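Encoded as structure tokens, the structure appears first; notes follow it.
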Amino acid sequence: MAILSKDDAQTLLKKVLRYSTADECEASLRGRTAGNIRYARNSVSTAGAQDSVSLAVEARFGKRSGVATCNEFDDATLRRCVQRAEEIAKLAPESPEYVSFIGPQTYLSPPSLAPTLLTAATRAQAAAESMAVCSAKNLSAAGFLDGGTRFVAKRNSKGLEAYQQSTNTDFSVTVRTADGKGSGYAIADVTDPAKLNAKGLTERAANKALNSVNAKAIEPGKYTVILEPAALMAGDDLSLLGGLMYGMGAREADEGRSFLSKKGGGNRKGEKLFDERVTIYSDPMNVEVPGNAFDDDGLPTKRQTWIEKGVVKDLFYTRFWAQKSNVPATAFPGGFIMAGGTQSTDELIKSTVKGILVTRLWYIREVDPQTLLYTGLTRDGTFYIENGKIKFPIKNLRFNESPIIMLNNIEAIGKPQRLAGCLVPPLKIRDFTFTSLSDAV
């Protein structure tokens with residue numbers, strides 16, 4: 001029963017709410033049906049399937065709240081889950097940031113369902129094709145493919161009723177040479193798995209692995225760089241553009257804790273902080289990256305511009321901070337879109353006299369939240385560019401850079417590509433700061 005229909009989900013949530021004696025109560029259902037396959041050294045290591053659904057109940061008495069969860073749905077378990085949430089609420093301290101649940105809302109209907117999904121057989125076929133590419137070139141592949149359907153449903157005692165289904169498929173592959181001295185990487189995510197080309201992505205990673213052997217050391221310093229979308233959005237915990245966008249909270253800015261804090265108090269909304277070519281927005285109805293119809297609070301999402309022609313147009317306002325600031329609350333989007341141009345990464349390379357191509361960044365850590373200074377390392381294919389061509393692979397480098405500075409040093413913006421549920425273009429940046437070398441591949 002992992003994927004419940006809207007009617008079935010709301011029928012179950014109505015039953016849950018009837019068990020409640022709290023001043024306010026909200027119940028949420030989340031479910032997922034998915035499958036995955038993982039391989040390493042050109043051999044499948046694990047494969048599995050997930051079929052799960054869970055219920056979360058939040059009960060409130062005055063400004064006290066408690067949450068309980070369960071994943072069984074017989075009447076006795078549901079009743080006990082509600083009772084447990086109420087017991088916790090009665091023991092909890094009052095919240096100094098209490099806001100009441102929201103009432104009925106009107107939602108958009110994002111185009112987020114694929115007509116067909118991957119099966120165990122098609123996942124195995126994709127993995128086999130990926131491994132075959134590498135076996136034929138004496139390379140070693142390590143990849144992961146995961147995808148399926150999920151749903152979320154909400155209902156509360158104030159009359160809120162929300163429901164959405166979505167599909168998503170994620171793929172990533174790292175390719176190494178037999179001696180371990182060359183490495184390449186590719187990643188993609190799609191709503192419709194028919195659009196995923198695991199073989200093509202593996203070929204790209206394989207070529208980077210072969211071409212990254214015998215990397216040369218260059219002196220750290222400031223260089224023109226071409227950052228592929230994976231270098232901007234893919235990271236272990238943090239990414240350059242993700243850190244920027246998800247750091248645009250109004251509260252952090254107003255309290256003097258972020259790069260958007262204004263000296264003397266307040267925030268920098270309305271100020272031009274970036275190159276005028278920088279426009280970033282969210283749009284749940286975008287066909288390539290359809291988003292959530294509502295956020296965790298049940299607030300409806302909409303097309304919203306965050307940065308327009310370099311100017312900060314809006315910030316994220318939680319319901320508590322919006323109430324305190326006397327402004328509308330902001331629904332947290334599922335992803336964002338950075339406007340770009342028409343050039344491919346190869347075309348950006350052709351226009352570069354001297355520079356560095358960066359496939360991917362990792363181990364990114366925040367150094368200073370008020371300047372958004374980050375440090376991290378390149379990996380899986382870093383190359384020196386000269387006169388419009390890749391001349392040779394280079395050893396990996398540690399960087400110290402701020403997305404704020406980076407987005408003021410733009411030389412060119414390429415064509416946006418889907419990654420991590422967002423649309424992100426490759427960027428050509430001048431004076432990107434590298435501070436030291438790394439022998440890791």
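Going by the structure tokens order, chains are called A, B, ..., each with residues numbered from 1, while ligands are numbered from 1 in the order shown.
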Need to verify the contact set: range 318-320 of chain A, 10 Å, only C-alpha atoms, exclusion of same-chain residues closer than 5 positions in sequence. Can you return it as a PyMOL selection string?
chain A and resi 96-102+249-251+297+299+325-332
Set out as JSON lines a contact list for range 157-227 of chain A and range 271-291 of chain A with a cut-off of 12 Å, giving each residue of range 157-227 of chain A that qualifies its closest atom pair and distance in Å to one decimal, counting only C-alpha atoms, ordered by chain and rising residue number.
{"residue": "A:Gln164", "atom": "CA", "partner": "A:Gly291", "partner_atom": "CA", "distance": 10.4}
{"residue": "A:Gln165", "atom": "CA", "partner": "A:Gly291", "partner_atom": "CA", "distance": 10.8}
{"residue": "A:Ser166", "atom": "CA", "partner": "A:Gly291", "partner_atom": "CA", "distance": 8.8}
{"residue": "A:Thr167", "atom": "CA", "partner": "A:Pro290", "partner_atom": "CA", "distance": 10.0}
{"residue": "A:Asn168", "atom": "CA", "partner": "A:Val289", "partner_atom": "CA", "distance": 10.2}
{"residue": "A:Asp189", "atom": "CA", "partner": "A:Val289", "partner_atom": "CA", "distance": 9.7}
{"residue": "A:Val190", "atom": "CA", "partner": "A:Val289", "partner_atom": "CA", "distance": 8.0}
{"residue": "A:Thr191", "atom": "CA", "partner": "A:Val289", "partner_atom": "CA", "distance": 7.5}
{"residue": "A:Asp192", "atom": "CA", "partner": "A:Glu288", "partner_atom": "CA", "distance": 9.5}
{"residue": "A:Lys195", "atom": "CA", "partner": "A:Glu288", "partner_atom": "CA", "distance": 10.6}
With N, CA and C atoms retained, write the just-selected residues as a JSON list (two decimals), in the first residue's frame.
[["chain", "number", "residue", "atom", "x", "y", "z"],
["A", 164, "GLN", "N", -0.12, 14.91, -3.19],
["A", 164, "GLN", "CA", 0.65, 14.96, -4.43],
["A", 164, "GLN", "C", 1.42, 13.66, -4.62],
["A", 165, "GLN", "N", 1.47, 13.20, -5.87],
["A", 165, "GLN", "CA", 2.35, 12.11, -6.28],
["A", 165, "GLN", "C", 3.46, 12.67, -7.16],
["A", 166, "SER", "N", 4.62, 12.02, -7.16],
["A", 166, "SER", "CA", 5.72, 12.42, -8.04],
["A", 166, "SER", "C", 6.59, 11.21, -8.34],
["A", 167, "THR", "N", 7.33, 11.30, -9.43],
["A", 167, "THR", "CA", 8.28, 10.26, -9.79],
["A", 167, "THR", "C", 9.66, 10.87, -9.98],
["A", 168, "ASN", "N", 10.70, 10.07, -9.72],
["A", 168, "ASN", "CA", 12.05, 10.56, -9.91],
["A", 168, "ASN", "C", 13.01, 9.37, -10.06],
["A", 189, "ASP", "N", 19.55, 13.20, -13.01],
["A", 189, "ASP", "CA", 18.27, 12.81, -12.42],
["A", 189, "ASP", "C", 17.17, 13.27, -13.35],
["A", 190, "VAL", "N", 16.11, 12.49, -13.42],
["A", 190, "VAL", "CA", 15.01, 12.78, -14.34],
["A", 190, "VAL", "C", 13.69, 12.43, -13.67],
["A", 191, "THR", "N", 12.63, 13.08, -14.10],
["A", 191, "THR", "CA", 11.28, 12.71, -13.67],
["A", 191, "THR", "C", 10.82, 11.48, -14.44],
["A", 192, "ASP", "N", 11.14, 11.45, -15.73],
["A", 192, "ASP", "CA", 10.76, 10.34, -16.60],
["A", 192, "ASP", "C", 12.00, 9.50, -16.90],
["A", 195, "LYS", "N", 14.02, 9.27, -20.22],
["A", 195, "LYS", "CA", 14.98, 10.30, -20.62],
["A", 195, "LYS", "C", 16.38, 10.05, -20.08]]
Name the residues in contact with Thr375 in chain A at a cut-off of 6 Å, using only C-alpha atoms, excluding same-chain residues fewer than 4 positions from it; report them as number ranges by chain.
A: 364-365, 399-400
Would you write out those residues with all heavy atoms, as an mmCIF file, in the first residue's frame?
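Saved the output as out.cif:
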data_model
loop_
_atom_site.group_PDB
_atom_site.id
_atom_site.type_symbol
_atom_site.label_atom_id
_atom_site.label_comp_id
_atom_site.auth_asym_id
_atom_site.auth_seq_id
_atom_site.Cartn_x
_atom_site.Cartn_y
_atom_site.Cartn_z
ATOM 1 N N ILE A 364 33.012 19.892 0.427
ATOM 2 C CA ILE A 364 32.833 21.337 0.556
ATOM 3 C C ILE A 364 32.405 21.665 1.981
ATOM 4 O O ILE A 364 31.489 21.051 2.527
ATOM 5 C CB ILE A 364 31.782 21.844 -0.455
ATOM 6 C CG1 ILE A 364 32.231 21.519 -1.884
ATOM 7 C CG2 ILE A 364 31.573 23.352 -0.304
ATOM 8 C CD1 ILE A 364 31.173 21.807 -2.932
ATOM 9 N N ARG A 365 33.060 22.644 2.557
ATOM 10 C CA ARG A 365 32.752 23.070 3.916
ATOM 11 C C ARG A 365 32.661 24.600 3.980
ATOM 12 O O ARG A 365 33.367 25.302 3.271
ATOM 13 C CB ARG A 365 33.820 22.583 4.898
ATOM 14 C CG ARG A 365 33.921 21.072 5.025
ATOM 15 C CD ARG A 365 32.661 20.486 5.631
ATOM 16 N NE ARG A 365 32.736 19.039 5.790
ATOM 17 C CZ ARG A 365 32.298 18.164 4.903
ATOM 18 N NH1 ARG A 365 31.780 18.588 3.749
ATOM 19 N NH2 ARG A 365 32.385 16.862 5.150
ATOM 20 N N PHE A 399 40.065 24.654 -3.305
ATOM 21 C CA PHE A 399 39.613 26.016 -3.596
ATOM 22 C C PHE A 399 39.139 26.708 -2.324
ATOM 23 O O PHE A 399 38.705 26.066 -1.361
ATOM 24 C CB PHE A 399 38.491 26.018 -4.642
ATOM 25 C CG PHE A 399 37.175 25.497 -4.123
ATOM 26 C CD1 PHE A 399 36.257 26.351 -3.521
ATOM 27 C CD2 PHE A 399 36.844 24.164 -4.248
ATOM 28 C CE1 PHE A 399 35.036 25.885 -3.042
ATOM 29 C CE2 PHE A 399 35.631 23.672 -3.775
ATOM 30 C CZ PHE A 399 34.728 24.532 -3.170
ATOM 31 N N ASN A 400 39.226 27.996 -2.301
ATOM 32 C CA ASN A 400 38.603 28.862 -1.297
ATOM 33 C C ASN A 400 37.868 29.940 -2.068
ATOM 34 O O ASN A 400 38.497 30.822 -2.656
ATOM 35 C CB ASN A 400 39.663 29.505 -0.374
ATOM 36 C CG ASN A 400 39.985 28.652 0.834
ATOM 37 O OD1 ASN A 400 40.050 27.430 0.717
ATOM 38 N ND2 ASN A 400 40.191 29.277 1.975
#
So that I can see what lies close to Ser65 in chain A, please list as a VMD selection string the residues with an atom at most 9 Å from it, counting only C-alpha atoms and leaving out residues fewer than 4 positions away in the same chain.
chain A and resid 58 to 61 85 to 86 88 to 95
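Of the residues listed (A:Glu401, A:Glu72, A:Arg79, A:Cys25), A:Glu401 shows the shortest atom-to-atom separation from Leu240 in chain A; distances use only C-alpha atoms.
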Report, in Å with one decimal, the straight-line distance from CA of Ala188 in chain A to CA of Tyr374 in chain A.
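Distance between the two atoms: 24.2 Å.
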Taking the chain letters and numbering used in this document, name the residues of range 24-145 of chain A that DSSP puts in strand (DSSP E), as a ChimeraX atom specification.
/A:24-40,43-61,64-70,139-145
